[in-house]
Structure formats: structure tokens, C-alpha cells
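Peer 1: Sharing work36.pdb (PDB, C-alpha atoms and all ligand atoms) below.
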ATOM      1  CA  GLY A   1       7.821 -10.672  21.399
ATOM      2  CA  PHE A   2       8.456  -8.340  18.459
ATOM      3  CA  LYS A   3      12.007  -6.956  18.330
ATOM      4  CA  SER A   4      12.669  -4.920  21.491
ATOM      5  CA  TYR A   5       9.139  -5.518  22.855
ATOM      6  CA  LYS A   6       9.417  -8.493  25.148
ATOM      7  CA  SER A   7       5.878  -8.514  26.511
ATOM      8  CA  LYS A   8       2.552  -7.259  25.224
ATOM      9  CA  VAL A   9       2.395  -3.534  24.539
ATOM     10  CA  HIS A  10      -0.736  -1.740  23.428
ATOM     11  CA  ILE A  11      -0.272   1.403  21.367
ATOM     12  CA  GLY A  12      -3.199   3.701  20.624
ATOM     13  CA  GLN A  13      -5.663   5.279  20.273
ATOM     14  CA  PHE A  14      -4.208   6.868  17.177
ATOM     15  CA  ASP A  15      -5.274  10.270  15.978
ATOM     16  CA  LYS A  16      -7.257  10.134  12.757
ATOM     17  CA  TYR A  17      -4.957  12.528  10.933
ATOM     18  CA  PHE A  18      -1.528  12.862  12.475
ATOM     19  CA  ASN A  19       0.554  10.888  14.922
ATOM     20  CA  ALA A  20       4.117  11.269  16.105
ATOM     21  CA  ILE A  21       6.180   8.952  18.266
ATOM     22  CA  THR A  22       8.900  10.470  20.379
ATOM     23  CA  GLY A  23      11.461   8.866  22.640
ATOM     24  CA  LEU A  24      15.131   8.399  23.332
ATOM     25  CA  ASN A  25      17.454   6.906  20.735
ATOM     26  CA  GLY A  26      17.183   3.142  20.716
ATOM     27  CA  SER A  27      13.948   3.162  22.725
ATOM     28  CA  GLY A  28      11.969   1.330  20.024
ATOM     29  CA  LYS A  29      10.243   4.043  17.948
ATOM     30  CA  SER A  30      11.287   2.619  14.586
ATOM     31  CA  ASN A  31      10.470  -0.883  15.850
ATOM     32  CA  ILE A  32       6.826   0.251  16.051
ATOM     33  CA  PHE A  33       6.941   1.118  12.340
ATOM     34  CA  ASP A  34       8.635  -2.205  11.656
ATOM     35  CA  ALA A  35       5.769  -3.895  13.526
ATOM     36  CA  ILE A  36       3.192  -2.068  11.378
ATOM     37  CA  CYS A  37       5.035  -3.092   8.167
ATOM     38  CA  PHE A  38       5.285  -6.638   9.498
ATOM     39  CA  VAL A  39       1.583  -7.019  10.224
ATOM     40  CA  MET A  40       0.638  -5.382   6.921
ATOM     41  CA  GLY A  41       2.593  -8.086   5.112
ATOM     42  CA  ILE A  42       5.512  -6.100   3.715
ATOM     43  CA  SER A  43       7.597  -8.243   1.350
ATOM     44  CA  SER A  44      11.015  -6.814   2.066
ATOM     45  CA  LEU A  45      12.700  -7.849   5.316
ATOM     46  CA  SER A  46      15.312  -5.128   4.885
ATOM     47  CA  HIS A  47      12.570  -2.509   5.313
ATOM     48  CA  MET A  48      12.150  -3.927   8.803
ATOM     49  CA  ARG A  49      15.908  -3.837   9.221
ATOM     50  CA  ALA A  50      16.190  -7.595   9.494
ATOM     51  CA  SER A  51      17.877 -10.236   7.357
ATOM     52  CA  ASN A  52      15.659 -13.107   8.436
ATOM     53  CA  LEU A  53      12.344 -13.607  10.234
ATOM     54  CA  GLN A  54      14.048 -14.904  13.373
ATOM     55  CA  GLU A  55      15.676 -11.503  13.909
ATOM     56  CA  LEU A  56      12.204 -10.020  14.349
ATOM     57  CA  ILE A  57      11.642 -12.057  17.507
ATOM     58  CA  PHE A  58      12.720 -10.611  20.839
ATOM     59  CA  GLN A  59      16.425 -11.349  21.244
ATOM     60  CA  ASN A  60      16.218 -13.444  18.050
ATOM     61  CA  GLY A  61      14.131 -16.043  19.895
ATOM     62  CA  LYS A  62      17.113 -16.966  22.041
ATOM     63  CA  ALA A  63      15.516 -15.742  25.279
ATOM     64  CA  GLU A  64      12.392 -17.190  26.909
ATOM     65  CA  VAL A  65      10.126 -15.571  24.315
ATOM     66  CA  LYS A  66       9.994 -17.754  21.204
ATOM     67  CA  LYS A  67       7.450 -16.003  19.041
ATOM     68  CA  ALA A  68       6.619 -12.550  17.771
ATOM     69  CA  ASN A  69       3.019 -11.488  17.494
ATOM     70  CA  VAL A  70       1.636  -8.215  16.130
ATOM     71  CA  SER A  71      -2.026  -7.273  15.753
ATOM     72  CA  ILE A  72      -3.404  -4.125  14.202
ATOM     73  CA  ILE A  73      -6.993  -3.088  14.768
ATOM     74  CA  PHE A  74      -8.889  -0.883  12.319
ATOM     75  CA  THR A  75     -12.301   0.586  12.913
ATOM     76  CA  ASN A  76     -14.440  -0.092   9.878
ATOM     77  CA  THR A  77     -17.674   1.522  11.036
ATOM     78  CA  SER A  78     -17.969   3.334   7.706
ATOM     79  CA  ASN A  79     -17.821  -0.145   6.108
ATOM     80  CA  ILE A  80     -15.081   0.655   3.603
ATOM     81  CA  LEU A  81     -14.508  -3.090   3.559
ATOM     82  CA  ASP A  82     -17.201  -5.701   3.998
ATOM     83  CA  LEU A  83     -15.670  -7.225   7.130
ATOM     84  CA  GLY A  84     -17.656  -5.887  10.079
ATOM     85  CA  ASP A  85     -17.141  -2.900  12.356
ATOM     86  CA  GLU A  86     -13.624  -3.884  13.309
ATOM     87  CA  ILE A  87     -10.850  -5.473  11.268
ATOM     88  CA  ILE A  88      -8.124  -7.200  13.225
ATOM     89  CA  VAL A  89      -5.098  -8.355  11.299
ATOM     90  CA  THR A  90      -2.572 -10.510  13.119
ATOM     91  CA  ARG A  91       0.790 -11.875  12.102
ATOM     92  CA  THR A  92       2.799 -14.331  14.144
ATOM     93  CA  ILE A  93       6.237 -15.811  13.589
ATOM     94  CA  TYR A  94       7.039 -19.008  15.346
ATOM     95  CA  GLU A  95       9.808 -21.414  14.369
ATOM     96  CA  SER A  96      10.690 -19.147  11.419
ATOM     97  CA  LYS A  97       7.198 -19.521   9.943
ATOM     98  CA  SER A  98       4.692 -16.717   9.417
ATOM     99  CA  LYS A  99       1.009 -17.048  10.132
ATOM    100  CA  PHE A 100      -1.623 -14.443   9.238
ATOM    101  CA  LEU A 101      -5.142 -13.947  10.522
ATOM    102  CA  ILE A 102      -7.892 -11.595   9.370
ATOM    103  CA  ASN A 103     -10.563 -11.350  12.064
ATOM    104  CA  GLY A 104      -9.360 -14.679  13.445
ATOM    105  CA  LYS A 105      -9.452 -16.478  10.096
ATOM    106  CA  ASN A 106      -6.300 -18.078   8.667
ATOM    107  CA  SER A 107      -5.071 -16.054   5.694
ATOM    108  CA  THR A 108      -2.101 -15.835   3.364
ATOM    109  CA  GLN A 109       0.346 -12.958   2.996
ATOM    110  CA  LYS A 110      -1.266 -12.262  -0.412
ATOM    111  CA  ASP A 111      -4.727 -12.055   1.272
ATOM    112  CA  ILE A 112      -3.338  -9.468   3.693
ATOM    113  CA  GLN A 113      -1.725  -7.450   0.914
ATOM    114  CA  ASN A 114      -4.953  -7.577  -1.124
ATOM    115  CA  LEU A 115      -6.989  -6.516   1.909
ATOM    116  CA  PHE A 116      -4.901  -3.366   2.290
ATOM    117  CA  LEU A 117      -4.775  -2.789  -1.470
ATOM    118  CA  SER A 118      -8.567  -2.785  -1.576
ATOM    119  CA  ALA A 119      -8.497  -0.004   1.038
ATOM    120  CA  GLY A 120      -5.981   1.925  -1.101
ATOM    121  CA  LEU A 121      -2.904   1.056   0.966
ATOM    122  CA  ASN A 122       0.097  -0.504  -0.730
ATOM    123  CA  ILE A 123       2.714  -1.289   1.873
ATOM    124  CA  ASN A 124       5.063  -2.515  -0.885
ATOM    125  CA  ASN A 125       4.947   0.794  -2.727
ATOM    126  CA  PRO A 126       8.512   2.163  -2.491
ATOM    127  CA  HIS A 127       7.132   5.519  -1.311
ATOM    128  CA  PHE A 128       4.676   4.191   1.249
ATOM    129  CA  LEU A 129       7.286   4.744   3.929
ATOM    130  CA  ILE A 130       9.950   7.373   4.015
ATOM    131  CA  MET A 131      12.661   5.771   6.061
ATOM    132  CA  GLN A 132      14.944   7.426   8.564
ATOM    133  CA  GLY A 133      17.740   9.125   6.588
ATOM    134  CA  LYS A 134      15.596   9.613   3.444
ATOM    135  CA  VAL A 135      13.850  12.750   4.688
ATOM    136  CA  MET A 136      16.432  15.134   3.174
ATOM    137  CA  LYS A 137      16.126  13.379  -0.182
ATOM    138  CA  VAL A 138      12.365  14.034  -0.168
ATOM    139  CA  VAL A 139      12.793  17.634   0.999
ATOM    140  CA  ASN A 140      15.141  18.272  -1.951
ATOM    141  CA  MET A 141      12.859  16.663  -4.548
ATOM    142  CA  SER A 142      11.380  18.784  -7.355
ATOM    143  CA  GLY A 143       7.683  19.682  -7.272
ATOM    144  CA  ILE A 144       6.937  17.201 -10.080
ATOM    145  CA  ASP A 145       8.728  14.397  -8.230
ATOM    146  CA  ILE A 146       6.839  15.160  -5.010
ATOM    147  CA  LEU A 147       3.584  15.119  -6.968
ATOM    148  CA  GLY A 148       4.564  11.705  -8.368
ATOM    149  CA  LEU A 149       5.333  10.479  -4.886
ATOM    150  CA  LEU A 150       1.958  11.651  -3.573
ATOM    151  CA  GLU A 151       0.142  10.126  -6.536
ATOM    152  CA  GLU A 152       1.844   6.802  -5.993
ATOM    153  CA  ALA A 153       1.272   6.879  -2.239
ATOM    154  CA  SER A 154      -2.393   7.825  -2.578
ATOM    155  CA  GLY A 155      -2.897   5.085  -5.147
ATOM    156  CA  THR A 156      -3.981   7.360  -8.007
ATOM    157  CA  SER A 157      -0.965   6.562 -10.216
ATOM    158  CA  ILE A 158      -2.499   3.186 -11.117
ATOM    159  CA  TYR A 159      -5.175   5.160 -13.008
ATOM    160  CA  GLU A 160      -2.549   6.959 -15.141
ATOM    161  CA  SER A 161      -2.017   4.022 -17.497
ATOM    162  CA  LYS A 162      -5.774   3.486 -17.723
ATOM    163  CA  LYS A 163      -6.149   7.176 -18.550
ATOM    164  CA  ASP A 164      -3.448   6.916 -21.259
ATOM    165  CA  SER A 165      -5.106   3.955 -22.945
ATOM    166  CA  SER A 166      -8.501   5.690 -22.775
ATOM    167  CA  ILE A 167      -7.054   8.821 -24.403
ATOM    168  CA  LYS A 168      -5.534   6.645 -27.183
ATOM    169  CA  MET A 169      -8.910   4.982 -27.734
ATOM    170  CA  ILE A 170     -10.687   8.381 -27.865
ATOM    171  CA  ASN A 171      -8.122   9.620 -30.437
ATOM    172  CA  LYS A 172      -8.616   6.510 -32.579
ATOM    173  CA  LYS A 173     -12.395   6.937 -32.504
ATOM    174  CA  GLU A 174     -12.049  10.634 -33.316
ATOM    175  CA  ASN A 175      -9.924   9.798 -36.373
ATOM    176  CA  LYS A 176     -12.594   7.345 -37.492
ATOM    177  CA  LEU A 177     -15.264  10.028 -37.085
ATOM    178  CA  ILE A 178     -13.200  12.427 -39.204
ATOM    179  CA  GLU A 179     -12.914   9.713 -41.856
ATOM    180  CA  VAL A 180     -16.681   9.096 -41.759
ATOM    181  CA  ASP A 181     -17.300  12.844 -42.138
ATOM    182  CA  ARG A 182     -14.912  12.991 -45.080
ATOM    183  CA  LEU A 183     -16.658  10.095 -46.822
ATOM    184  CA  LEU A 184     -20.023  11.718 -46.173
ATOM    185  CA  ASN A 185     -18.898  15.032 -47.671
ATOM    186  CA  GLU A 186     -16.970  13.613 -50.629
ATOM    187  CA  TYR A 187     -19.207  10.759 -51.736
ATOM    188  CA  VAL A 188     -22.551  10.494 -50.029
ATOM    189  CA  SER A 189     -23.603  14.179 -50.007
ATOM    190  CA  PRO A 190     -22.860  14.822 -53.704
ATOM    191  CA  LYS A 191     -24.737  11.619 -54.636
ATOM    192  CA  LEU A 192     -27.701  12.681 -52.491
ATOM    193  CA  LYS A 193     -27.692  16.104 -54.182
ATOM    194  CA  GLN A 194     -27.744  14.445 -57.601
ATOM    195  CA  LEU A 195     -30.707  12.296 -56.566
ATOM    196  CA  ASN A 196     -32.588  15.332 -55.298
TER     197      ASN A 196
HETATM  198  P1  LIG B 201      16.485   6.173  17.006
HETATM  199  O1  LIG B 201      16.012   7.391  17.728
HETATM  200  O2  LIG B 201      17.958   6.013  17.093
HETATM  201  O3  LIG B 201      15.960   6.067  15.607
HETATM  202  P2  LIG B 201      14.518   4.183  17.796
HETATM  203  O4  LIG B 201      13.682   4.624  18.960
HETATM  204  O5  LIG B 201      13.911   4.269  16.455
HETATM  205  O6  LIG B 201      15.925   4.908  17.854
HETATM  206  P3  LIG B 201      14.638   1.368  17.320
HETATM  207  O7  LIG B 201      15.458   1.274  16.101
HETATM  208  O8  LIG B 201      13.161   1.198  17.233
HETATM  209  O9  LIG B 201      14.991   2.700  18.115
HETATM  210  O10 LIG B 201      15.109   0.311  18.398
HETATM  211  C1  LIG B 201      16.400  -0.148  18.374
HETATM  212  C2  LIG B 201      16.560  -1.072  19.563
HETATM  213  O11 LIG B 201      15.847  -2.272  19.319
HETATM  214  C3  LIG B 201      18.021  -1.417  19.713
HETATM  215  O12 LIG B 201      18.350  -1.232  21.066
HETATM  216  C4  LIG B 201      18.086  -2.861  19.355
HETATM  217  O13 LIG B 201      19.006  -3.567  20.130
HETATM  218  C5  LIG B 201      16.679  -3.327  19.696
HETATM  219  N1  LIG B 201      16.338  -4.535  18.953
HETATM  220  C6  LIG B 201      16.267  -4.708  17.600
HETATM  221  N2  LIG B 201      15.950  -5.963  17.303
HETATM  222  C7  LIG B 201      15.771  -6.606  18.488
HETATM  223  C8  LIG B 201      15.466  -7.940  18.853
HETATM  224  N3  LIG B 201      15.210  -8.872  17.950
HETATM  225  N4  LIG B 201      15.384  -8.224  20.174
HETATM  226  C9  LIG B 201      15.633  -7.297  21.096
HETATM  227  N5  LIG B 201      15.950  -6.037  20.823
HETATM  228  C10 LIG B 201      16.020  -5.691  19.557
HETATM  229 MG    MG B 202      14.512   5.149  14.625
END
Show me the file's structure as C-alpha cells.

Peer 2:
Amino acid sequence: GFKSYKSKVHIGQFDKYFNAITGLNGSGKSNIFDAICFVMGISSLSHMRASNLQELIFQNGKAEVKKANVSIIFTNTSNILDLGDEIIVTRTIYESKSKFLINGKNSTQKDIQNLFLSAGLNINNPHFLIMQGKVMKVVNMSGIDILGLLEEASGTSIYESKKDSSIKMINKKENKLIEVDRLLNEYVSPKLKQLN
């Protein structure tokens, strides 16, 4: 029931490192990405090329199918998250309302976003997806900009501000140490010498 997919379609197994989807124009390749964004709780409808939730349902819910349902299954055997060997996230739209499940348990959109954030995935990061038509822009980016993009996508950029404030703190402490040394040399040491 999601976009051009009228009945249940199972896609997978996915390769661990690299996957490509090929097919004729208009055959539903991008709709698969839209489905992944949808189930991962993306905030922006325009990223799924829709202006309202109803448009995500097969034929806008005007045909016999009235709801859209997407599930994504992750293996979690390495226990990155404390949720068992398999994590199944499901999102359904029915009567213009969204419902989310994590392993069958009712959840909010925020819960879903936090779940993926805790695994280092931020679907709402502007660089998480490079949309059709933006490829040339990325190809023409400078090395520094591409590095920034990778840092943001891999989730390391959030540590930059922490690093900055730590460096500031280290500098402050170093200045204090210099001041302590100066006081030692100018006042304490001469006094000690006198006493000796
Ligand atoms: P391209 O190679 O041009 O990028 P694509 O394989 O990525 O094509 P998609 O954009 O995934 O194609 O699919 C577009 C098709 O999905 C269009 O035919 C469009 O009519 C159909 N479509 C989009 N929304 C719905 C909907 N709610 N119900 C039924 N079909 C839909
Ligand atoms: Mg496409």
C-alpha cells in the first residue's frame, strides 16, 4: 500500500556494504528510498516527494487499498542496541494518521528517531540522503566540503563542538597553571630561599 506498491513486496537480503537498485524509469526505485525514509521517521514529507501523508498511500487511498504499511528489519546479533537479535520497525498510515511500532510495541515518531540516532543514523540530517539531481552538486564539492558531509553523515560532527569546548577548557587551565608558576617563581620561591 505504499506509493506504487499495491500489495506486499519483500525486498532483501541487502548486502552489508553496497546495494544498488536498477529498473526502468517510473518503476518504483525511488519509492523504495521513500519507504525507507518513511519507516525511519523522516520529518520532511517533501523528501518523500509528497505534500501530505495521504499521497503516500497507493493511489492516494482512493483505490481499494486504504493504508500504507512499511516494515524494516535489522539484524542486531552484535547487540548494538539492547532490543534482541532482530529489530523490526513498522510505520502505518491509515486515515491520515501515522502509527509506529518497534518490535510490535507502540512507539512515537520521536522514539523511532531516537532509536536510529542511538545507532548513529540521523535520517533528518540534510546529507543523510543525496537525492536524485543532487549528485553533480556533490561531485563538484571541494575536498573540505566533502569531508564535512562525511563527518555529518557518519555522526562525528556532533563531537566537534564538544572538542571545541574541551580545547577552550584546556587553554583556560593552562593559563591558570602559568599563573601559578609565575606566583611560585616571583613570590614563594624567593621567600623560601630567604627562610633557608
Ligand atoms: P526514475 O528512474 O525516473 O527515477 P523511479 O524508478 O525512481 O524512476 P519512482 O519515482 O520510484 O520511479 O516511481 C514513480 C512512480 O510511482 C510513478 O509512476 C508514480 O505514478 C508512482 N506513484 C507515486 N505515488 C504513487 C501513489 N500514491 N500511488 C500509486 N502510484 C504512485
Ligand atoms: Mg528515481

Peer 1: Do you know which residues the PyMOL selection byres (((chain A and resi 86-96) around 9) and not hetatm) returns on this file, as a PyMOL selection string?

Peer 2: chain A and resi 38-41+52-54+56-57+61+66-77+81+83-85+97-104+112

Peer 1: Around ligand LIG 201 (chain B), out to 7 Å and counting all atoms listed in the file, which residues are there? I want them as a PyMOL selection string.

Peer 2: chain A and resi 2-5+23-32+55-60

Peer 1: Convert the current residue selection to file output with C-alpha atoms, as a PDB file, keeping the file's coordinate frame.

Peer 2:
ATOM      1  CA  PHE A   2       8.456  -8.340  18.459  1.00  0.00           C
ATOM      2  CA  LYS A   3      12.007  -6.956  18.330  1.00  0.00           C
ATOM      3  CA  SER A   4      12.669  -4.920  21.491  1.00  0.00           C
ATOM      4  CA  TYR A   5       9.139  -5.518  22.855  1.00  0.00           C
ATOM      5  CA  GLY A  23      11.461   8.866  22.640  1.00  0.00           C
ATOM      6  CA  LEU A  24      15.131   8.399  23.332  1.00  0.00           C
ATOM      7  CA  ASN A  25      17.454   6.906  20.735  1.00  0.00           C
ATOM      8  CA  GLY A  26      17.183   3.142  20.716  1.00  0.00           C
ATOM      9  CA  SER A  27      13.948   3.162  22.725  1.00  0.00           C
ATOM     10  CA  GLY A  28      11.969   1.330  20.024  1.00  0.00           C
ATOM     11  CA  LYS A  29      10.243   4.043  17.948  1.00  0.00           C
ATOM     12  CA  SER A  30      11.287   2.619  14.586  1.00  0.00           C
ATOM     13  CA  ASN A  31      10.470  -0.883  15.850  1.00  0.00           C
ATOM     14  CA  ILE A  32       6.826   0.251  16.051  1.00  0.00           C
ATOM     15  CA  GLU A  55      15.676 -11.503  13.909  1.00  0.00           C
ATOM     16  CA  LEU A  56      12.204 -10.020  14.349  1.00  0.00           C
ATOM     17  CA  ILE A  57      11.642 -12.057  17.507  1.00  0.00           C
ATOM     18  CA  PHE A  58      12.720 -10.611  20.839  1.00  0.00           C
ATOM     19  CA  GLN A  59      16.425 -11.349  21.244  1.00  0.00           C
ATOM     20  CA  ASN A  60      16.218 -13.444  18.050  1.00  0.00           C
TER      21      ASN A  60
END

Peer 1: When you draw a straight line from atom CA of A:Arg49 to atom CA of A:His127, how long is it in Å?

Peer 2: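 Here the two named atoms are 16.6 Å from each other.
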
Peer 1: In Å, rounded to a single decimal, give me how far atom CA of A:His47 is from atom CA of A:Met136.

Peer 2: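 Straight-line distance from atom CA of A:Met136 to atom CA of A:His47 works out to 18.2 Å.
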
Peer 1: Under the rule that all atoms listed in the file are counted, which of A:Asn196, A:Gln132, A:Asn175, A:Ser189 is the nearest residue to A:Met48?

Peer 2: A:Gln132

Peer 1: Running the PyMOL selection byres (((chain A and resi 113-123) around 7) and not hetatm) on this model by hand, what would come out? Give it as a list in words.

Peer 2: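 When the PyMOL selection byres (((chain A and resi 113-123) around 7) and not hetatm) is applied, the selected residues are Cys37, Met40, Gly41, Ile42, Gln109, Lys110, Asp111, Ile112, Asn124, Asn125, Phe128 and Gly155 of chain A.
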
Peer 1: Enclose the full set of atoms of stretch 88-91 of chain A listed in the file within a box whose edges lie along x, y and z, apply 4 Å of padding to each of the six sides, and report centre and edge lengths in Å to one decimal as AutoDock Vina command-line options.

Peer 2:
--center_x -3.7 --center_y -9.5 --center_z 12.3 --size_x 16.9 --size_y 12.7 --size_z 9.9

Peer 1: Please indicate the distance in Å from atom CA of A:Lys162 to atom CA of A:Glu174, rounded to one decimal place.

Peer 2: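 It comes out at 18.3 Å.
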
Peer 1: Which of these, A:Met131, A:Ala35, A:Val9, A:Leu184, has the shortest distance to ligand MG 202 (chain B) once you count only C-alpha atoms and all ligand atoms?

Peer 2: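 Between A:Met131, A:Ala35, A:Val9, A:Leu184, the residue approaching ligand MG 202 (chain B) most closely is A:Met131.
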
Peer 1: So, counting all atoms listed in the file, which residue among A:Gly133, A:Ser43, A:Asn19, A:Lys62 is closest to ligand MG 202 (chain B)?

Peer 2: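 Looking at the shortest contact to ligand MG 202 (chain B), the residue is A:Gly133.
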
Peer 1: So, with only C-alpha atoms as the atoms that count, which of A:Pro126, A:His10, A:Lys168, A:Ser161 lies closest to A:Ser44?

Peer 2: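 Looking only at the distances to A:Ser44, the closest residue turns out to be A:Pro126.
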
Peer 1: Because some atoms of stretch 53-74 of chain A are absent here, can you restore N, CA, C and O atoms and send them as a PDB file, in the coordinates of the input?

Peer 2:
ATOM      1  N   LEU A  53      13.514 -13.759   9.354  1.00  0.00           N
ATOM      2  CA  LEU A  53      12.344 -13.607  10.234  1.00  0.00           C
ATOM      3  C   LEU A  53      12.712 -13.750  11.714  1.00  0.00           C
ATOM      4  O   LEU A  53      12.149 -13.063  12.570  1.00  0.00           O
ATOM      5  N   GLN A  54      13.653 -14.640  11.987  1.00  0.00           N
ATOM      6  CA  GLN A  54      14.048 -14.904  13.373  1.00  0.00           C
ATOM      7  C   GLN A  54      14.523 -13.627  14.086  1.00  0.00           C
ATOM      8  O   GLN A  54      14.274 -13.450  15.274  1.00  0.00           O
ATOM      9  N   GLU A  55      15.154 -12.744  13.314  1.00  0.00           N
ATOM     10  CA  GLU A  55      15.676 -11.503  13.909  1.00  0.00           C
ATOM     11  C   GLU A  55      14.560 -10.570  14.369  1.00  0.00           C
ATOM     12  O   GLU A  55      14.814  -9.603  15.081  1.00  0.00           O
ATOM     13  N   LEU A  56      13.331 -10.870  13.933  1.00  0.00           N
ATOM     14  CA  LEU A  56      12.204 -10.020  14.349  1.00  0.00           C
ATOM     15  C   LEU A  56      11.655 -10.438  15.711  1.00  0.00           C
ATOM     16  O   LEU A  56      10.843  -9.749  16.305  1.00  0.00           O
ATOM     17  N   ILE A  57      12.104 -11.582  16.193  1.00  0.00           N
ATOM     18  CA  ILE A  57      11.642 -12.057  17.507  1.00  0.00           C
ATOM     19  C   ILE A  57      12.558 -11.479  18.588  1.00  0.00           C
ATOM     20  O   ILE A  57      13.765 -11.306  18.357  1.00  0.00           O
ATOM     21  N   PHE A  58      11.968 -11.179  19.725  1.00  0.00           N
ATOM     22  CA  PHE A  58      12.720 -10.611  20.839  1.00  0.00           C
ATOM     23  C   PHE A  58      13.996 -11.420  21.088  1.00  0.00           C
ATOM     24  O   PHE A  58      13.947 -12.651  21.243  1.00  0.00           O
ATOM     25  N   GLN A  59      15.091 -10.741  21.089  1.00  0.00           N
ATOM     26  CA  GLN A  59      16.425 -11.349  21.244  1.00  0.00           C
ATOM     27  C   GLN A  59      16.605 -12.568  20.336  1.00  0.00           C
ATOM     28  O   GLN A  59      17.145 -13.602  20.751  1.00  0.00           O
ATOM     29  N   ASN A  60      16.106 -12.420  19.107  1.00  0.00           N
ATOM     30  CA  ASN A  60      16.218 -13.444  18.050  1.00  0.00           C
ATOM     31  C   ASN A  60      15.668 -14.803  18.483  1.00  0.00           C
ATOM     32  O   ASN A  60      16.089 -15.842  17.976  1.00  0.00           O
ATOM     33  N   GLY A  61      14.750 -14.787  19.435  1.00  0.00           N
ATOM     34  CA  GLY A  61      14.131 -16.043  19.895  1.00  0.00           C
ATOM     35  C   GLY A  61      15.054 -16.855  20.790  1.00  0.00           C
ATOM     36  O   GLY A  61      14.758 -18.010  21.094  1.00  0.00           O
ATOM     37  N   LYS A  62      16.143 -16.203  21.212  1.00  0.00           N
ATOM     38  CA  LYS A  62      17.113 -16.966  22.041  1.00  0.00           C
ATOM     39  C   LYS A  62      16.810 -16.822  23.536  1.00  0.00           C
ATOM     40  O   LYS A  62      17.375 -17.544  24.351  1.00  0.00           O
ATOM     41  N   ALA A  63      15.912 -15.893  23.871  1.00  0.00           N
ATOM     42  CA  ALA A  63      15.516 -15.742  25.279  1.00  0.00           C
ATOM     43  C   ALA A  63      14.276 -16.601  25.519  1.00  0.00           C
ATOM     44  O   ALA A  63      13.957 -17.459  24.702  1.00  0.00           O
ATOM     45  N   GLU A  64      13.554 -16.323  26.604  1.00  0.00           N
ATOM     46  CA  GLU A  64      12.392 -17.190  26.909  1.00  0.00           C
ATOM     47  C   GLU A  64      11.226 -16.983  25.938  1.00  0.00           C
ATOM     48  O   GLU A  64      10.378 -17.859  25.804  1.00  0.00           O
ATOM     49  N   VAL A  65      11.206 -15.830  25.274  1.00  0.00           N
ATOM     50  CA  VAL A  65      10.126 -15.571  24.315  1.00  0.00           C
ATOM     51  C   VAL A  65      10.510 -16.172  22.962  1.00  0.00           C
ATOM     52  O   VAL A  65      11.574 -15.877  22.426  1.00  0.00           O
ATOM     53  N   LYS A  66       9.635 -17.019  22.426  1.00  0.00           N
ATOM     54  CA  LYS A  66       9.994 -17.754  21.204  1.00  0.00           C
ATOM     55  C   LYS A  66       9.193 -17.300  19.984  1.00  0.00           C
ATOM     56  O   LYS A  66       9.421 -17.782  18.885  1.00  0.00           O
ATOM     57  N   LYS A  67       8.201 -16.446  20.214  1.00  0.00           N
ATOM     58  CA  LYS A  67       7.450 -16.003  19.041  1.00  0.00           C
ATOM     59  C   LYS A  67       7.179 -14.502  19.070  1.00  0.00           C
ATOM     60  O   LYS A  67       7.184 -13.879  20.135  1.00  0.00           O
ATOM     61  N   ALA A  68       6.976 -13.962  17.886  1.00  0.00           N
ATOM     62  CA  ALA A  68       6.619 -12.550  17.771  1.00  0.00           C
ATOM     63  C   ALA A  68       5.191 -12.482  17.257  1.00  0.00           C
ATOM     64  O   ALA A  68       4.805 -13.247  16.369  1.00  0.00           O
ATOM     65  N   ASN A  69       4.430 -11.587  17.841  1.00  0.00           N
ATOM     66  CA  ASN A  69       3.019 -11.488  17.494  1.00  0.00           C
ATOM     67  C   ASN A  69       2.647 -10.011  17.409  1.00  0.00           C
ATOM     68  O   ASN A  69       2.878  -9.256  18.347  1.00  0.00           O
ATOM     69  N   VAL A  70       2.091  -9.605  16.275  1.00  0.00           N
ATOM     70  CA  VAL A  70       1.636  -8.215  16.130  1.00  0.00           C
ATOM     71  C   VAL A  70       0.203  -8.225  15.606  1.00  0.00           C
ATOM     72  O   VAL A  70      -0.111  -8.944  14.662  1.00  0.00           O
ATOM     73  N   SER A  71      -0.661  -7.449  16.250  1.00  0.00           N
ATOM     74  CA  SER A  71      -2.026  -7.273  15.753  1.00  0.00           C
ATOM     75  C   SER A  71      -2.272  -5.796  15.509  1.00  0.00           C
ATOM     76  O   SER A  71      -1.786  -4.955  16.264  1.00  0.00           O
ATOM     77  N   ILE A  72      -3.017  -5.513  14.474  1.00  0.00           N
ATOM     78  CA  ILE A  72      -3.404  -4.125  14.202  1.00  0.00           C
ATOM     79  C   ILE A  72      -4.925  -4.104  14.076  1.00  0.00           C
ATOM     80  O   ILE A  72      -5.515  -4.997  13.475  1.00  0.00           O
ATOM     81  N   ILE A  73      -5.528  -3.132  14.734  1.00  0.00           N
ATOM     82  CA  ILE A  73      -6.993  -3.088  14.768  1.00  0.00           C
ATOM     83  C   ILE A  73      -7.467  -1.825  14.051  1.00  0.00           C
ATOM     84  O   ILE A  73      -7.052  -0.720  14.391  1.00  0.00           O
ATOM     85  N   PHE A  74      -8.313  -2.019  13.048  1.00  0.00           N
ATOM     86  CA  PHE A  74      -8.889  -0.883  12.319  1.00  0.00           C
ATOM     87  C   PHE A  74     -10.371  -0.787  12.625  1.00  0.00           C
ATOM     88  O   PHE A  74     -11.054  -1.816  12.650  1.00  0.00           O
TER      89      PHE A  74
END
